[in-house]
Each structure stands twice: as structure tokens, then as C-alpha cells.
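Asker: Please find one structure pasted underneath; my questions will follow.
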Amino acid sequence: MVVFLVAPLVLQRYRLPGIVGIILVGAAVGPNGLGLLERGETIQLLGEVGLIYLLFIAGLEINLNQFVEYRNRSIVFGLLTFLIPQAVGTAVGVAVLGLTFPAALLFASIFASHTLLAYPVVSRLGIAKNEAMTTTIGGTILTDTLALLVLAVVIASTEGDLDGAFWFQLSLGLAVFFVGVWLVVPRLGRWFFRVHSEESYFEFLFVMAILFIAAFAAEMAGVEHIIGAFLAGLALNRLIPESGPLMNRIQFVGNALFIPFFLLSVGMLVDVWVLADGTETLVVALTLIVLVIVTKLAAAWVTGWLYDYSSDEVLGMFGLSVGQAAAALAIVLIAFESSLPGFAGNQHMINGVVLMILVVSLLSPAVVERAGSAIVRARAHETYDPSDSPQRILVPTSRESRYRESLLDLALAVRDERSSEPIHALSVVRPRGGIQTEADVADAEALLEEMETYAAGAEVPIVGHTRVNHNVASGIVRSSVENRISTIVIGWDGARSRAQHVFGHTIDQVLNRTSQLTLVGRVREPINTTTRIVLILPPGIEHNPGIYETVHTVKHLSEQTGASIHGVVVGGDPEAFDRSFDLVEPEVPSSFESVPDWDALRSKLRRTVRTGDFVVCTSARRDDPGWHPELQRLPKHVSRLTAGNFVIVYPAGEERVDDRRFLRLS
């Protein structure tokens, strides 16, 4: 614990990645250094858990929509970063080191794989969703699988088991594993999160159970557990919002405990004294170091050239893919215990691999830190333009609200993760005279404290406001003005109201007296169980001055939940909306279709809306462009058509809209 605390702090003072400090201290205090700590079963076990956890978090944090959209790029990079090292390494192994062809194949596979040693740096800098980083992370599963398959095939060939039964068993095991995890885990997760929707430690335990079951199943299928961990992260990706309390807890446990144990375990493997044993270890180590740097850099450069990545992105891809640890160690240790000539009992090969791991363990985080910092600066300059009216979200709530935490989840989902602004929570109390009013205020403050506690799990600050006002709507309006609120997220219970009102007296007054972007939601199911966003676009809404901000908000909700958008255009051109959507960030999968009128819309929703859909209707305030009398009745119609989540989004008024914040600039 002292190492985990002190080493990163010391290294950061010298502008070096903190994880390098843990690796160096591990080498210093380990059995090959001062001998203060033994690399016993406990350290090895926790190190294995840390590695599994590292790949799991990488799968969770990846932008799955972007990963699916650019899966071809991940496949291309995965093949390049495997084939180039594999081909060059095999040739060098035969020509320079004098290895047999099977041994040379295994030698090349040691560094053809890679371990995401520098992923903590990527996570800390918040660039995991960068396209180049997503491509690199996605390529990990392919390159590690191929490298470990080379190991399995070469070892089987030396033992004489390379027959039809071997290939059938391996292919069947991998197919059952991949299909099983990809199909079973998301369905099981949605069921669990619906049944246990309250915030508790059971959610965390469920995620951990899925992680380790998937890791175990991968080994049963014939591949390394890290492949199972990464696939489990991908399978749970859409169910764990990046901005939610559960993700924060997963990251906290990993970054504070398990991942440092993995880095410490890697450092303890280093034995610099082997250099005194002769030149053979040094030759092997230098060969591995030169080959891994040159070939991984070549693979990153070719991928960057093919897809027009910046030099910083190419450098980041190289830094992330040059890291070596898990697969390299697994390959050389298994080969050491085999009967393969050139590896069996060859201590120089093991020592050379360990020295290579030490060098790239220092190089990889440093390169990613430099490249990642440049990517962050470029991203901040190009896409995030803080204006005089920053995003400030107001969530009015009351003790009567049964789903206030779900409403807060909605606010967290539409909140820009790069914003430093807190969420404002408001409770308006009607005066009832003397002591009773004071009691109601105290009750409201307790309610706001509960919301602060809940949001603290996601590391999002909450500023609570309590107002005493005879008119609840007036209290909400005044608070939105005084705190310069840009977005209002307000809950609706779906109850009937007088015919002249859309939602009810209070919400209708708020809509009439405000101009901010307003989301009126009935959120009953956990947002992380959303499978699809059904977006309703009324006639003429494209002429509303706040439409681009509205589209940005819906697409951000899609990105946070991992759900695709299916737009239904009432009496309009779906292709025109599709083109307009492409102009607005972020990139998410979307499709559009049209219906001729409102009756056709209701019929369409009745037939197609299913469990897991989040219905979002863009509306407009009266007299704003895009307003239609049918929009007054639409919320009640939708509430009858679906028992799940839906929200009505009212674009901001013309006086505060700044569409330039949401458009893609070229």
C-alpha cells in the first residue's frame, strides 16, 4: 500500500507516469532487488486479478458504438500489429538466433501480442473514446488471440497432438465461448439491473461475478483469461453508463487496488543482474527490444496512414500497443516447460523477455502520456468551446417523487462529462405556517442530501437549493434564472390533468415561463437497460432554432447508454434529418423512417415499441417553430403506449441558442 501511494506521487513530481513508479519500485523491492517482498502466491494471484481487471475496464470504457462502426479499423490494426512482428520476428529468429522454424514462430509471437500496460494513462486522460485509441484497444482482442493460438499450435505440434480433433475442439470451444458471452451476458445483465434497480453493492458484485466467470470460461475454451475479461467488458459496456456511480466504483477498485498489484508483480519479475551472466541474455533482450519497437511502430504508422490519423494519434497507438507483459510471459513460460528446442529450459530466453518487459514498461506509459496529452489539448481546442453560458442542469424534485434517482440518472446521462459545472437540485416548499414550514424545509434539505450522496458515487457535485414559494413553478423559474441554468430536467408521473394542460399545472407553467432546453421525463426503468432510443420528430421541428442543441443532447444520451437511435419523422423527409444528424457531434448509429401523419405515428409506436426502448419526442413550446396542436396530446398517448421510459424534449428558445457548440466544424 505504501508503494501504491508513494511511487506514483514521486514520479508525477518529475512529470513521469505514476504507473512507471510502481514497476520500478517492484523491481527494487522484489526478490531480484532488495528482497523486501517475495513474489509469492498472493502477489501472483492479485497480479493476475489486476491484469484481468485492466482488460475488463478497457472493454467497459471503449466507445462501443464507435468500436462497432470502425470495427474494420480494429481488425486491420490487429492484423498489422500481429502479422508484421510475427513475420519479422520469425525471420530474425531463424537467421540471427539460429532457432528452428517452430521455435522462431513462438519467439515472434512473444512480442506480436501486446498488453495494455499504459491503459491507466489513457483512462486518466479521458481519451479512451478517441477513434485511434478505440482502434488500438479493439485490436488487442485479435492480436492476443492470434498470438496465443500460435502458442497452442506450436506446443501441440511438438507433442504430436496437431490433428483434426485438436482443431475441432479449439474451434468449437472458441465459437461457444464468444457466442455464449456475447448473447447471454447482456440479457442476464438487463434482467439483473431491472430487478435490482436500487443502488447497492449487489450491482458491483454482479459485475465482478460476470468478469471472473467469463475469464474462467475463456480458459476452458482454450484461450487466455484476458480475452474473456475484455469480452465481458464489451458485453456489459452498454449496461454500465460511463457517468454513473457503478462505473466509478469499478474504476476506483481497479485503479486503487488490483491494477497496481499487477504493475508491482511485473516489476518483481525484473532481474537486472542477469546481464552479468554473459552476452546471450543481452543479445536476446536487445533483439526483442529492437524488434518490438520497430514492428509495433511500423504497424501503428501504416494504420495511421491508411486512416489519416494525426501524428499524435499514431504515437499514442504505438505507445499503447508496444506494452508487453501477460501474453509474452505466458508464452515464454509455457515454452520453457515444453520440449521445444531453443526454449525448453532456456533461462536466457526468460531473462531476455523480462528485460524487454522492463524497457517497454517504462517506454509505453511515457509515450502514451506525451501523445495523450497532445490529443487532449487538440480535442479541447477543436471540439469544446466553453461559452459564457456553460451547461448547467437543474433537477427539480420533491419527496413525492418515487423515481428521483432515475431522474438524476437522466441528468447525469445528458451532462457533458468534460463539464466542471455541478448539477443543481431544487426542492420548492409551499408555506404552511410557522413550525410546519420549517419542518417541510428540513425534510426538503434531507431529500437534497440523499441526492448529493447518490451523485457522489459518480463523482459529480450536486448543489442543493431549497425555496419557499406558494407557486412551485415560480420557484423553479426563479432558480433557473438566478443560477443561469441551461437545461432543466423535470419528472412527470404520467397522471391525467385538465384538458387544457399538457402535463399538469406546474410543468406547463415552467414551460411557458422559461426558454431553456427542457426535458420532461417519465423515467421508471434503469437507463442503463436501454437498448434503443425511438426519436419522434414532428413536422417543422427542423426549423426550430434550438434543434441542434436538442439533437446533441439526444445523441449524447445515446452515447452514454450505448443505444442506437431510430428516428420516426412525421410528414417529413427522413434523409434530410439523417444528413442533419451527421452534422452534430457525437457520432452514434442512427436510422430514420417517415410516417405520413399522427395517426400513423401512434399505430407505428403501438406495433414497434418494445421493452428496453426509450421513447424521446422532440416538441416545441407554443408559437415556437415546430409547434403543433397534436403535441399537447402526444405525451398522454405515449404514456399509454409504453410502460417504459420516455421523455419530451423542448428545444431552447432563440435568445440563448448557440448552435456552434454542437456542429462539427471542418
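Ordered as shown in the C-alpha cells, chains take letters A, B, and onward, while each chain numbers its residues from 1 and ligands are numbered from 1 in the order shown.
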Which residues are close to A:Leu54, i.e. within 8 Å by only C-alpha atoms, leaving aside same-chain residues fewer than 4 positions away? Reply as a ChimeraX atom specification.
Answerer: /A:50,58,116,119,254,259
Asker: Write a file of the just-selected residues containing all heavy atoms, as a short mmCIF file (atom, residue, chain, number, x, y, z; two decimals), in the first residue's frame.
Answerer:
data_model
loop_
_atom_site.label_atom_id
_atom_site.label_comp_id
_atom_site.auth_asym_id
_atom_site.auth_seq_id
_atom_site.Cartn_x
_atom_site.Cartn_y
_atom_site.Cartn_z
N GLY A 50 -5.39 -8.25 -11.24
CA GLY A 50 -5.18 -6.90 -11.75
C GLY A 50 -5.14 -6.86 -13.26
O GLY A 50 -5.71 -5.95 -13.89
N ALA A 58 -10.89 -1.81 -19.83
CA ALA A 58 -10.69 -1.37 -21.22
C ALA A 58 -11.92 -1.69 -22.06
O ALA A 58 -12.35 -0.88 -22.89
CB ALA A 58 -9.45 -2.04 -21.81
N LEU A 116 -2.07 -3.97 -22.56
CA LEU A 116 -2.40 -2.54 -22.42
C LEU A 116 -1.85 -1.98 -21.11
O LEU A 116 -2.58 -1.49 -20.24
CB LEU A 116 -3.91 -2.35 -22.50
CG LEU A 116 -4.57 -2.81 -23.80
CD1 LEU A 116 -6.08 -2.65 -23.73
CD2 LEU A 116 -4.02 -2.02 -24.98
N TYR A 119 -2.83 1.56 -20.34
CA TYR A 119 -4.25 1.93 -20.37
C TYR A 119 -4.65 2.83 -19.20
O TYR A 119 -5.50 3.71 -19.38
CB TYR A 119 -5.15 0.69 -20.41
CG TYR A 119 -6.59 1.07 -20.58
CD1 TYR A 119 -7.08 1.41 -21.84
CD2 TYR A 119 -7.45 1.15 -19.49
CE1 TYR A 119 -8.39 1.81 -22.00
CE2 TYR A 119 -8.76 1.54 -19.64
CZ TYR A 119 -9.23 1.87 -20.90
OH TYR A 119 -10.52 2.28 -21.05
N GLY A 254 -10.35 -0.85 -9.22
CA GLY A 254 -9.27 -1.26 -10.10
C GLY A 254 -8.04 -0.38 -9.99
O GLY A 254 -6.92 -0.88 -9.81
N ILE A 259 -5.11 -3.13 -10.18
CA ILE A 259 -4.17 -2.81 -11.25
C ILE A 259 -2.77 -2.49 -10.70
O ILE A 259 -1.77 -2.95 -11.25
CB ILE A 259 -4.71 -1.67 -12.13
CG1 ILE A 259 -5.97 -2.16 -12.88
CG2 ILE A 259 -3.67 -1.19 -13.13
CD1 ILE A 259 -6.68 -1.10 -13.67
#
Asker: Can you tell me, as a ChimeraX atom specification, what residues are no more than 7 Å from stretch 291-304 of chain A when counting only C-alpha atoms, ignoring any on the same chain fewer than 5 positions away?
Answerer: /A:77,80-81,84-85,89,111,309,314,317-318,321-322
Asker: Got time to write the residues from that selection, all heavy atoms, as an mmCIF file, in the first residue's frame?
Answerer:
data_model
loop_
_atom_site.group_PDB
_atom_site.id
_atom_site.type_symbol
_atom_site.label_atom_id
_atom_site.label_comp_id
_atom_site.auth_asym_id
_atom_site.auth_seq_id
_atom_site.Cartn_x
_atom_site.Cartn_y
_atom_site.Cartn_z
ATOM 1 N N PHE A 77 -5.856 -3.014 -37.830
ATOM 2 C CA PHE A 77 -4.720 -2.759 -36.939
ATOM 3 C C PHE A 77 -4.318 -4.027 -36.188
ATOM 4 O O PHE A 77 -3.120 -4.301 -36.017
ATOM 5 C CB PHE A 77 -5.065 -1.652 -35.943
ATOM 6 C CG PHE A 77 -3.973 -1.407 -34.930
ATOM 7 C CD1 PHE A 77 -2.799 -0.789 -35.307
ATOM 8 C CD2 PHE A 77 -4.115 -1.832 -33.612
ATOM 9 C CE1 PHE A 77 -1.770 -0.578 -34.391
ATOM 10 C CE2 PHE A 77 -3.102 -1.624 -32.692
ATOM 11 C CZ PHE A 77 -1.924 -1.004 -33.081
ATOM 12 N N LEU A 80 -2.305 -6.073 -38.584
ATOM 13 C CA LEU A 80 -0.992 -5.477 -38.857
ATOM 14 C C LEU A 80 -0.055 -5.595 -37.659
ATOM 15 O O LEU A 80 1.127 -5.939 -37.821
ATOM 16 C CB LEU A 80 -1.167 -4.003 -39.239
ATOM 17 C CG LEU A 80 -1.736 -3.715 -40.631
ATOM 18 C CD1 LEU A 80 -2.015 -2.224 -40.790
ATOM 19 C CD2 LEU A 80 -0.777 -4.197 -41.717
ATOM 20 N N THR A 81 -0.589 -5.295 -36.461
ATOM 21 C CA THR A 81 0.275 -5.305 -35.280
ATOM 22 C C THR A 81 0.603 -6.721 -34.831
ATOM 23 O O THR A 81 1.424 -6.913 -33.938
ATOM 24 C CB THR A 81 -0.373 -4.500 -34.137
ATOM 25 O OG1 THR A 81 0.617 -4.138 -33.171
ATOM 26 C CG2 THR A 81 -1.470 -5.293 -33.442
ATOM 27 N N ILE A 84 3.013 -8.113 -38.820
ATOM 28 C CA ILE A 84 4.338 -7.509 -39.034
ATOM 29 C C ILE A 84 5.347 -8.033 -38.017
ATOM 30 O O ILE A 84 6.437 -8.512 -38.399
ATOM 31 C CB ILE A 84 4.244 -5.966 -39.018
ATOM 32 C CG1 ILE A 84 3.439 -5.467 -40.226
ATOM 33 C CG2 ILE A 84 5.637 -5.339 -39.011
ATOM 34 C CD1 ILE A 84 3.225 -3.960 -40.242
ATOM 35 N N PRO A 85 5.072 -7.973 -36.697
ATOM 36 C CA PRO A 85 6.022 -8.562 -35.744
ATOM 37 C C PRO A 85 6.213 -10.068 -35.945
ATOM 38 O O PRO A 85 7.330 -10.578 -35.800
ATOM 39 C CB PRO A 85 5.388 -8.259 -34.381
ATOM 40 C CG PRO A 85 4.484 -7.103 -34.621
ATOM 41 C CD PRO A 85 3.960 -7.299 -36.006
ATOM 42 N N GLY A 89 9.807 -11.193 -36.816
ATOM 43 C CA GLY A 89 10.380 -11.946 -35.701
ATOM 44 C C GLY A 89 10.743 -13.367 -36.087
ATOM 45 O O GLY A 89 11.777 -13.897 -35.638
ATOM 46 N N PHE A 111 6.301 -11.071 -28.848
ATOM 47 C CA PHE A 111 6.078 -9.622 -28.944
ATOM 48 C C PHE A 111 5.062 -9.253 -30.026
ATOM 49 O O PHE A 111 4.776 -8.075 -30.232
ATOM 50 C CB PHE A 111 7.399 -8.880 -29.188
ATOM 51 C CG PHE A 111 8.132 -9.296 -30.427
ATOM 52 C CD1 PHE A 111 7.904 -8.671 -31.634
ATOM 53 C CD2 PHE A 111 9.051 -10.331 -30.382
ATOM 54 C CE1 PHE A 111 8.582 -9.048 -32.776
ATOM 55 C CE2 PHE A 111 9.731 -10.729 -31.524
ATOM 56 C CZ PHE A 111 9.495 -10.084 -32.730
ATOM 57 N N TYR A 309 -4.821 9.285 -39.474
ATOM 58 C CA TYR A 309 -4.692 9.702 -38.087
ATOM 59 C C TYR A 309 -3.554 10.714 -37.953
ATOM 60 O O TYR A 309 -2.605 10.711 -38.732
ATOM 61 C CB TYR A 309 -4.417 8.506 -37.177
ATOM 62 C CG TYR A 309 -5.575 7.543 -37.056
ATOM 63 C CD1 TYR A 309 -5.356 6.176 -36.913
ATOM 64 C CD2 TYR A 309 -6.892 7.993 -37.076
ATOM 65 C CE1 TYR A 309 -6.409 5.285 -36.800
ATOM 66 C CE2 TYR A 309 -7.950 7.112 -36.960
ATOM 67 C CZ TYR A 309 -7.701 5.761 -36.823
ATOM 68 O OH TYR A 309 -8.753 4.886 -36.707
ATOM 69 N N VAL A 314 -1.007 8.427 -33.935
ATOM 70 C CA VAL A 314 -0.139 7.312 -34.307
ATOM 71 C C VAL A 314 0.825 6.998 -33.170
ATOM 72 O O VAL A 314 1.053 5.822 -32.825
ATOM 73 C CB VAL A 314 0.632 7.640 -35.602
ATOM 74 C CG1 VAL A 314 1.723 6.594 -35.862
ATOM 75 C CG2 VAL A 314 -0.320 7.717 -36.778
ATOM 76 N N MET A 317 -1.079 5.207 -30.495
ATOM 77 C CA MET A 317 -1.312 3.808 -30.859
ATOM 78 C C MET A 317 -0.053 2.973 -30.628
ATOM 79 O O MET A 317 -0.122 1.851 -30.103
ATOM 80 C CB MET A 317 -1.741 3.719 -32.325
ATOM 81 C CG MET A 317 -3.084 4.354 -32.627
ATOM 82 S SD MET A 317 -3.500 4.294 -34.397
ATOM 83 C CE MET A 317 -3.818 2.540 -34.606
ATOM 84 N N PHE A 318 1.083 3.520 -31.027
ATOM 85 C CA PHE A 318 2.344 2.809 -30.808
ATOM 86 C C PHE A 318 2.604 2.611 -29.320
ATOM 87 O O PHE A 318 2.932 1.503 -28.873
ATOM 88 C CB PHE A 318 3.491 3.582 -31.450
ATOM 89 C CG PHE A 318 4.849 3.199 -30.927
ATOM 90 C CD1 PHE A 318 5.389 1.952 -31.205
ATOM 91 C CD2 PHE A 318 5.577 4.086 -30.144
ATOM 92 C CE1 PHE A 318 6.638 1.592 -30.706
ATOM 93 C CE2 PHE A 318 6.822 3.737 -29.642
ATOM 94 C CZ PHE A 318 7.358 2.490 -29.928
ATOM 95 N N SER A 321 0.293 -0.048 -27.850
ATOM 96 C CA SER A 321 0.469 -1.410 -28.351
ATOM 97 C C SER A 321 1.865 -1.970 -28.125
ATOM 98 O O SER A 321 2.077 -3.179 -28.306
ATOM 99 C CB SER A 321 0.141 -1.467 -29.851
ATOM 100 O OG SER A 321 1.014 -0.640 -30.593
ATOM 101 N N VAL A 322 2.823 -1.143 -27.730
ATOM 102 C CA VAL A 322 4.179 -1.650 -27.528
ATOM 103 C C VAL A 322 4.335 -2.306 -26.155
ATOM 104 O O VAL A 322 5.293 -3.046 -25.917
ATOM 105 C CB VAL A 322 5.213 -0.505 -27.687
ATOM 106 C CG1 VAL A 322 5.261 0.386 -26.435
ATOM 107 C CG2 VAL A 322 6.600 -1.061 -28.011
#
